[in-house]
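First up is the structure itself, then whatever we jot down about it.
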Amino acid sequence: MKAKFASLMLAFGLLASAFAQGTGTIKGHVTTNAGAAPGVLVTVNDAGGSSSYMEFVVSDDNGDFFIGRVPTGTYNVEFSATGLETYVEENVNVVEGRASTLTVNMIAPLNIMEVLTVSSASRRVERIVEAPASVSVITTDELERASSHGQLPRLLENQPGVEITQSGAYDFNLNARGFNSSLNRRILVLIDGRDPAVGFLGNQEWATLSIPLEEFSNMELVRGPGSALYGANAFNGVLNIRTKRPVDTPGGYVTLSGGELSSFRADARYGGVFGDGWSYRVNGGTFSTDSWSESRTLADMPFEYGPLPNENAAGSSSELAALNTDAIESVYFGARLDKEFSNGHVFSIEAGTSKVDNGLAVTGIGRVQIDQSKRPWIRLNYNTPHYNFMIWRSERDTPIGQTSLNTTAKLYENSYQQHAELQVNYDLFDGKVNLVGGLSYHEQDIDTTNDVGFETLMISGKAEDQQAAFGQATVHIGDHFDVVVAGRYDESSLHDSQESPKGALVWKINENHTLRATYNQAFQTPNFSEFYLRAAAGVVPFNLIEAGLEAAVGVDIPLNWETTQVMALGNPDLTVEQIETYEFGYKGIVGTSLFVTFDYYTSTATNFVTDLLPGVNPNLTPYTLPDGVPAALHGAILGTLQSTVGSLFGGLATNDGILDPTSSAGQPILTLSYTNAGEVDMDGMEFTFNYYLNDNWTVDGNISWFDFNVVDAGVEADIVPNSPEYKYNLGLSFNRDKLSASAKWKHTDDFAWAAGVFVGHIPAFDTMNINVDYKFSDRIRGTVNVINAFDDEHFELYGGSINGRQASGSIHFSF
C-alpha cells in the first residue's frame, strides 16, 4: 500500500511540473467586509478600445482569480457580483512574461447575506441564498476572535440544529439533527479536503489540530445527509474547513493566551512570498490546560453526579484506574509551500504534526485516558480552474498507550489513512448547466500492538480500501429554477457497495428569496472497533463458581473451569447505517436588514449499530458443558451460572484460545458484541434570523425542534437520540472600527442519554458566551472570551464532566 501511495505522489509531482509554462497574466484577490469574495465576475477589456480582446473568469473559493495569456497592453478590469457595487480597476498594464497583481475590496451592503457565498453544498461556489441545502458559515473574523480558547467546535454551538457536547477541556462531540453519541462521527469533518479523524474509532481528536484558528479562512457546516458528494459518514452533515493561502496573508504574528483552568496558549506564524510565484507559511504553538474531569476510583466516592456506571449505594465498585489530573498539554508545528504558475494553476504541499499528552475521552465502554497521541500528516494539492487533484496522509500513534480507567488495560493504536481524489468541474451552454464530478481512492491501516507485540484492541492488524465515483449536475431553467441531480457510488473492502442519490429543486422567486425541496440518502460505515474489537471488559471467576457448585451438590464436577475475562468483541458481519431524508427550505432577505431561513426535514434511519450486547454475534461458538459432566447436572449448572452472571449469560461462548488469550481453549467466556438493529422516523424544524439594526449592531437567533418515533427497536431495549427536543439561541453583536463584541445565549432542553455503559438523564441548561475584541493598533489586538459566563454548572453527556465557566484572554502581535 505504501509503494502504491509513493507512486501516486511521484505522478503528482510530474503533473505539477508539466504546467510551468505561461505568458503575461492578470491575477489577484477579491474581498468584502465578509472576507474573501468567491463567485465575483472578473472581466478584462482593452482600455483604449483598439482591440476586441475580452476575457472573463470567476473568483474561486478563496476569492482569487487568474487570467492567463493576456496580450501585452493596457486594460480595464471590472469586478461585479450580485449584491456588490461594481468596481473597475483602470489602466492595468500587462507586460510579457509577468503577472499584474490586483487586490480589490468590494463594497458589500448592510445585509452581508446578500453577498455571502458557500461551496460545500454543491462542491462549487454559489450564493448562500441559492444553495440547495441548509448551510451555516463561520467567518474569518469569528475564527480569529476565538483564538484565546482554541476550541474549534465551540464556534458551532449556536448554529441551528447543531448539538455540541463537551466533557473536560477538549472532548467534544459534534452532531446535527439527532442521534448524538460519545465518539460521535455522524458529521464528516474536512480540513482543506483532509479528514483528520482517528483511524480506529472514526471520531475527531479536537485537541490535536496542528493549525491555529487564526489560520482558518472560514468554516461551512452543511446540515443533513451529504453522502451523494462526500461519501461515508456524511450522515448528518459535512463540516468543511478551509485555511488561508500564504500568498494572501504575508507576514507574521504571535498570539499569547491565558485564563481559567490554568490555561495557557501560545501560537506563532510567519509567511511570505519569494521567487516566481512561490509563497510559504510556517506555524507552531503549544497549550496547557486543566480540566473539569474528576477521578472516579473507590477512594473518590461519591462521584460528581450519579448513579454512574459501577457505582452503587455501598460504593463497592468504581473505575479501577485513577484519572491523571495533570494538565492536558500539546505542542504542534505546521508548514505550507505554494507555487502559483503563470497559467493560474497552483501546487501546494503542506504538512504538520501535533503531540497531546493526558487527554480524556468518554467512550461506550467507559472513560479512556489518552496518555499521549501523536498526529503527523501531509497534503499535496494541484488546483486549476477546472480540476483539483489532491493526495493526503494522516497518521496516529499512541507510543505510551491509552489507559482504560475501568479495567486499567493499556490500549495502543498505530494507524494511518491515505487518500487520493480528483475533482472536475465544467459549465456548459453558457453556464446553464454546471457539472461537478470526481473519483477517489482511500486506504486505512490499523495496528494495535503494544511494545511486546500483543494486539491490545484487535486479534490482528487490519486494512481497508475504498473506491468511489461521484457527480452532480445543476441545470438552470430560466432565471428562476435550478434542478440538481447528484449521486455517488462507493465500494469498500469493509462493506457492500453503496449508492447515495440526491435530488433538489430550487425556486429562485427573485434575487433574494428562494424555496427548495431536496432528497438525500446517506450512510455511515461501522468503525474498526465495531468490526474487529477484542478487548477485556471484566473478569469472571468461573473456577469459584465451579467450587460453589461442587459444594452445593456434594460431588466433584469435571468442569475444570478457570478465571476468564468478559470479552468485548467486534462483529465483521455488520452492515452500514443508512438514512433517507426529505427536506423543504426557505431562505430570504427581507428589505435590506433581515435574513431569514426556515427548514423542515423528515428522515428515516435504519440499521443502527447497537451498543455492546450479549448474544448478538453469530460468529461465536456457543458453550457446551464437557462430556464428562453428568446430564442430570446440566440444568442445575446452567441455571446457577445464569443467576450468577445475569444478562451476560446470553453471551456465553467457547474460548478458542484467541478470543481470550489469558485462558485455555475450550473454557467458557462471556462476550459482548455489536449488531445492526432498529428503525427510527425523525422530524425536525430549524428557524433562523439575522437582523442588521445598522452598520454596527446585529441581532441573530434560531429555534430548533427535533422529534422521533421508534418504529422498531430491534434487539435494543430502547433507542434514544441523545438530543433535546428544543434548542434556542439568541445573540447580539457589535462591530465598529476597532471594537467588536458579542453575547450569545443558548438554552438546551433536558433529554435522555444512552451510549454504552453511560445511561442517564441530562437536565436542561443555559449558557451565555461573551466575546470582546479590540484593535489597539494595526499590529496589536486583544481578545477576551468567557464561555458559560454565569457559571451554570452542568453536564452535557452522561458520564462526562460537570462543566463550569471558562474565561480566557489573548494578546495578538502581528508583524
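By order in the C-alpha cells, chains are A, B, ...; within a chain, residues start at 1; ligands start at 1, following the order shown.
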Sort by chain and increasing residue number a table of all residues of stretch 246-324 of chain A within 10 Å of stretch 159-171 of chain A, each with its closest pair of atoms and their distance in Å to one decimal, counting only C-alpha atoms, and write it as CSV.
residue,atom,partner,partner_atom,distance
A:Leu261,CA,A:Ala169,CA,8.8
A:Ser263,CA,A:Ala169,CA,9.9
A:Thr289,CA,A:Ala169,CA,7.5
A:Asp290,CA,A:Ala169,CA,7.3
A:Ser291,CA,A:Gly168,CA,4.9
A:Trp292,CA,A:Gly168,CA,4.9
A:Ser293,CA,A:Gly168,CA,5.1
A:Glu294,CA,A:Gly168,CA,8.9
All residues 8 Å or closer to A:Val506, only C-alpha atoms, same chain fewer than 6 positions away omitted, as a list in words: Glu130, Pro132, Phe481, Asp482, Val483, Thr514, Leu515, Arg516 and Ala517 of chain A
Let's have the selection written as an mmCIF file, in the first residue's frame, with N, CA and C atoms.
data_model
loop_
_atom_site.group_PDB
_atom_site.id
_atom_site.type_symbol
_atom_site.label_atom_id
_atom_site.label_comp_id
_atom_site.auth_asym_id
_atom_site.auth_seq_id
_atom_site.Cartn_x
_atom_site.Cartn_y
_atom_site.Cartn_z
ATOM 1 N N GLU A 130 -29.014 30.733 -2.543
ATOM 2 C CA GLU A 130 -29.408 29.824 -3.616
ATOM 3 C C GLU A 130 -28.906 28.398 -3.429
ATOM 4 N N PRO A 132 -28.618 24.560 -2.470
ATOM 5 C CA PRO A 132 -29.668 23.551 -2.297
ATOM 6 C C PRO A 132 -29.519 22.754 -1.013
ATOM 7 N N PHE A 481 -35.455 28.714 -11.779
ATOM 8 C CA PHE A 481 -35.458 27.347 -11.281
ATOM 9 C C PHE A 481 -34.099 26.676 -11.509
ATOM 10 N N ASP A 482 -33.637 25.975 -10.485
ATOM 11 C CA ASP A 482 -32.463 25.114 -10.584
ATOM 12 C C ASP A 482 -32.890 23.692 -10.258
ATOM 13 N N VAL A 483 -32.491 22.754 -11.100
ATOM 14 C CA VAL A 483 -32.708 21.340 -10.847
ATOM 15 C C VAL A 483 -31.347 20.702 -10.582
ATOM 16 N N THR A 514 -35.653 32.315 -1.986
ATOM 17 C CA THR A 514 -35.668 31.002 -2.629
ATOM 18 C C THR A 514 -36.441 30.003 -1.786
ATOM 19 N N LEU A 515 -37.085 29.071 -2.471
ATOM 20 C CA LEU A 515 -37.687 27.891 -1.872
ATOM 21 C C LEU A 515 -36.994 26.675 -2.465
ATOM 22 N N ARG A 516 -36.853 25.628 -1.673
ATOM 23 C CA ARG A 516 -36.210 24.421 -2.193
ATOM 24 C C ARG A 516 -36.838 23.174 -1.593
ATOM 25 N N ALA A 517 -36.723 22.092 -2.336
ATOM 26 C CA ALA A 517 -37.087 20.753 -1.867
ATOM 27 C C ALA A 517 -35.931 19.837 -2.223
#
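Distances to A:Ala605 were evaluated for A:Tyr489, A:Phe584, A:Phe65, A:Phe523 using only C-alpha atoms, and the minimum falls at A:Phe523.
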Stretch 472-474 of chain A: which residues within 7 Å, counting only C-alpha atoms, same-chain residues fewer than 6 positions away excluded, as a PyMOL selection string? chain A and resi 433-437+482-487
Quick check for you: according to DSSP on this backbone, which residues of stretch 284-437 of chain A are classed as strand (DSSP E)? Reply as an MDAnalysis selection string. chainID A and resid 284:289 328:340 346:363 366:374 377:383 387:397 402:404 410:411 414:428 433:437
With only C-alpha atoms as the counted atoms, please give the residues lying no more than 7 Å from A:Asp599, apart from itself and same-chain residues fewer than 4 positions off, as a PyMOL selection string. chain A and resi 584-586+685-687
Go ahead and write the residues just picked, N, CA, C and O atoms, as an mmCIF file, in the first residue's frame.
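Saved file again39.cif follows:
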data_model
loop_
_atom_site.group_PDB
_atom_site.id
_atom_site.type_symbol
_atom_site.label_atom_id
_atom_site.label_comp_id
_atom_site.auth_asym_id
_atom_site.auth_seq_id
_atom_site.Cartn_x
_atom_site.Cartn_y
_atom_site.Cartn_z
ATOM 1 N N PHE A 584 -37.474 20.514 3.124
ATOM 2 C CA PHE A 584 -38.078 21.672 2.471
ATOM 3 C C PHE A 584 -37.541 22.920 3.168
ATOM 4 O O PHE A 584 -37.505 22.978 4.399
ATOM 5 N N GLY A 585 -37.116 23.905 2.378
ATOM 6 C CA GLY A 585 -36.487 25.057 2.993
ATOM 7 C C GLY A 585 -36.801 26.361 2.294
ATOM 8 O O GLY A 585 -37.154 26.394 1.106
ATOM 9 N N TYR A 586 -36.643 27.429 3.042
ATOM 10 C CA TYR A 586 -36.806 28.795 2.531
ATOM 11 C C TYR A 586 -35.634 29.629 3.020
ATOM 12 O O TYR A 586 -35.213 29.532 4.181
ATOM 13 N N MET A 685 -37.379 20.860 12.660
ATOM 14 C CA MET A 685 -37.583 22.187 12.097
ATOM 15 C C MET A 685 -36.480 23.104 12.632
ATOM 16 O O MET A 685 -36.086 23.021 13.801
ATOM 17 N N GLU A 686 -35.980 23.984 11.758
ATOM 18 C CA GLU A 686 -34.967 24.959 12.144
ATOM 19 C C GLU A 686 -35.351 26.318 11.571
ATOM 20 O O GLU A 686 -35.568 26.460 10.366
ATOM 21 N N PHE A 687 -35.442 27.299 12.442
ATOM 22 C CA PHE A 687 -35.768 28.670 12.034
ATOM 23 C C PHE A 687 -34.642 29.579 12.503
ATOM 24 O O PHE A 687 -34.224 29.539 13.665
#
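Among the candidate residues A:Gly760, A:Gly24, A:Gly804, A:Gly538, the one lying nearest to A:Arg69 is A:Gly24, with distances computed using only C-alpha atoms.
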Residue with smallest distance to A:Gly178 - pool A:Glu443, A:Glu725, A:Asp267, A:Glu96, counting only C-alpha atoms: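 The shortest atom-to-atom distance to A:Gly178 comes from A:Glu725.
Picture a line from atom CA of A:Leu308 to atom CA of A:Arg296; it runs 9.5 Å.
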Considering only C-alpha atoms, return as a ChimeraX atom specification whatever protein or nucleic-acid residues lie within 7 Å of A:Ala108, sequence-local ones (same chain, fewer than 3 positions apart) excluded. /A:32-33,83-84,112,115
Selection file, C-alpha atoms, as a PDB file, in the first residue's frame:
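Writing the result to part-v9.pdb gives the following:
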ATOM      1  CA  THR A  32     -15.570  42.193   1.018  1.00  0.00           C
ATOM      2  CA  ASN A  33     -16.274  43.009   4.638  1.00  0.00           C
ATOM      3  CA  GLY A  83     -25.351  42.480  -4.160  1.00  0.00           C
ATOM      4  CA  LEU A  84     -21.982  44.217  -4.585  1.00  0.00           C
ATOM      5  CA  ILE A 112     -23.981  40.623   4.392  1.00  0.00           C
ATOM      6  CA  VAL A 115     -23.161  38.534  -0.958  1.00  0.00           C
TER       7      VAL A 115
END
Nearby residues (only C-alpha atoms) at most 7 Å from A:Ser59, same-chain spacing under 3 positions excluded, as a PDB file with N, CA and C atoms, in the first residue's frame:
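Once everything was written out, this is result.pdb:
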ATOM      1  N   PRO A  38     -15.578  34.824  -3.138  1.00  0.00           N
ATOM      2  CA  PRO A  38     -15.672  33.922  -4.285  1.00  0.00           C
ATOM      3  C   PRO A  38     -16.881  34.264  -5.149  1.00  0.00           C
ATOM      4  N   GLY A  39     -16.870  33.807  -6.403  1.00  0.00           N
ATOM      5  CA  GLY A  39     -18.017  33.987  -7.280  1.00  0.00           C
ATOM      6  C   GLY A  39     -18.143  35.365  -7.887  1.00  0.00           C
ATOM      7  N   VAL A  40     -17.092  36.199  -7.807  1.00  0.00           N
ATOM      8  CA  VAL A  40     -17.122  37.523  -8.419  1.00  0.00           C
ATOM      9  C   VAL A  40     -16.714  37.403  -9.884  1.00  0.00           C
ATOM     10  N   LEU A  41     -17.501  38.002 -10.776  1.00  0.00           N
ATOM     11  CA  LEU A  41     -17.182  38.001 -12.205  1.00  0.00           C
ATOM     12  C   LEU A  41     -16.119  39.052 -12.481  1.00  0.00           C
ATOM     13  N   GLY A  63     -11.480  33.630  -3.167  1.00  0.00           N
ATOM     14  CA  GLY A  63     -11.559  34.985  -3.680  1.00  0.00           C
ATOM     15  C   GLY A  63     -10.451  35.317  -4.663  1.00  0.00           C
ATOM     16  N   ASP A  64      -9.683  34.312  -5.092  1.00  0.00           N
ATOM     17  CA  ASP A  64      -8.580  34.537  -6.023  1.00  0.00           C
ATOM     18  C   ASP A  64      -9.054  34.353  -7.464  1.00  0.00           C
ATOM     19  N   PHE A  65      -8.397  35.058  -8.383  1.00  0.00           N
ATOM     20  CA  PHE A  65      -8.708  34.897  -9.804  1.00  0.00           C
ATOM     21  C   PHE A  65      -7.417  34.931 -10.608  1.00  0.00           C
TER      22      PHE A  65
END
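Near stretch 528-530 of chain A, within a cut-off of 10 Å and counting only C-alpha atoms, sit the residues A:Gly199, A:Phe200, A:Leu201, A:Gly202, A:Gln444, A:Asp445, A:Ile446, A:Leu457, A:Met458, A:Lys462, A:Ala463, A:Glu464, A:Leu494, A:Ala535, A:Ala568, A:Leu569, A:Gly570, A:Asn571, A:Pro572, A:Asp573, A:Leu574, A:Val609, A:Thr610, A:Asp611, A:Leu612, A:Ser673, A:Tyr674, A:Thr675, with same-chain residues fewer than 5 positions away left out.
With only C-alpha atoms as the atoms that count, the residue of A:Val540, A:Ala207, A:Tyr230, A:Phe608 with the shortest distance to A:Leu670 is A:Val540.
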So, with only C-alpha atoms as the atoms that count, which of A:Pro558, A:Gly666, A:Ile187, A:Gln642 lies closest to A:Gly628?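 Looking at the shortest contact to A:Gly628, the residue is A:Pro558.
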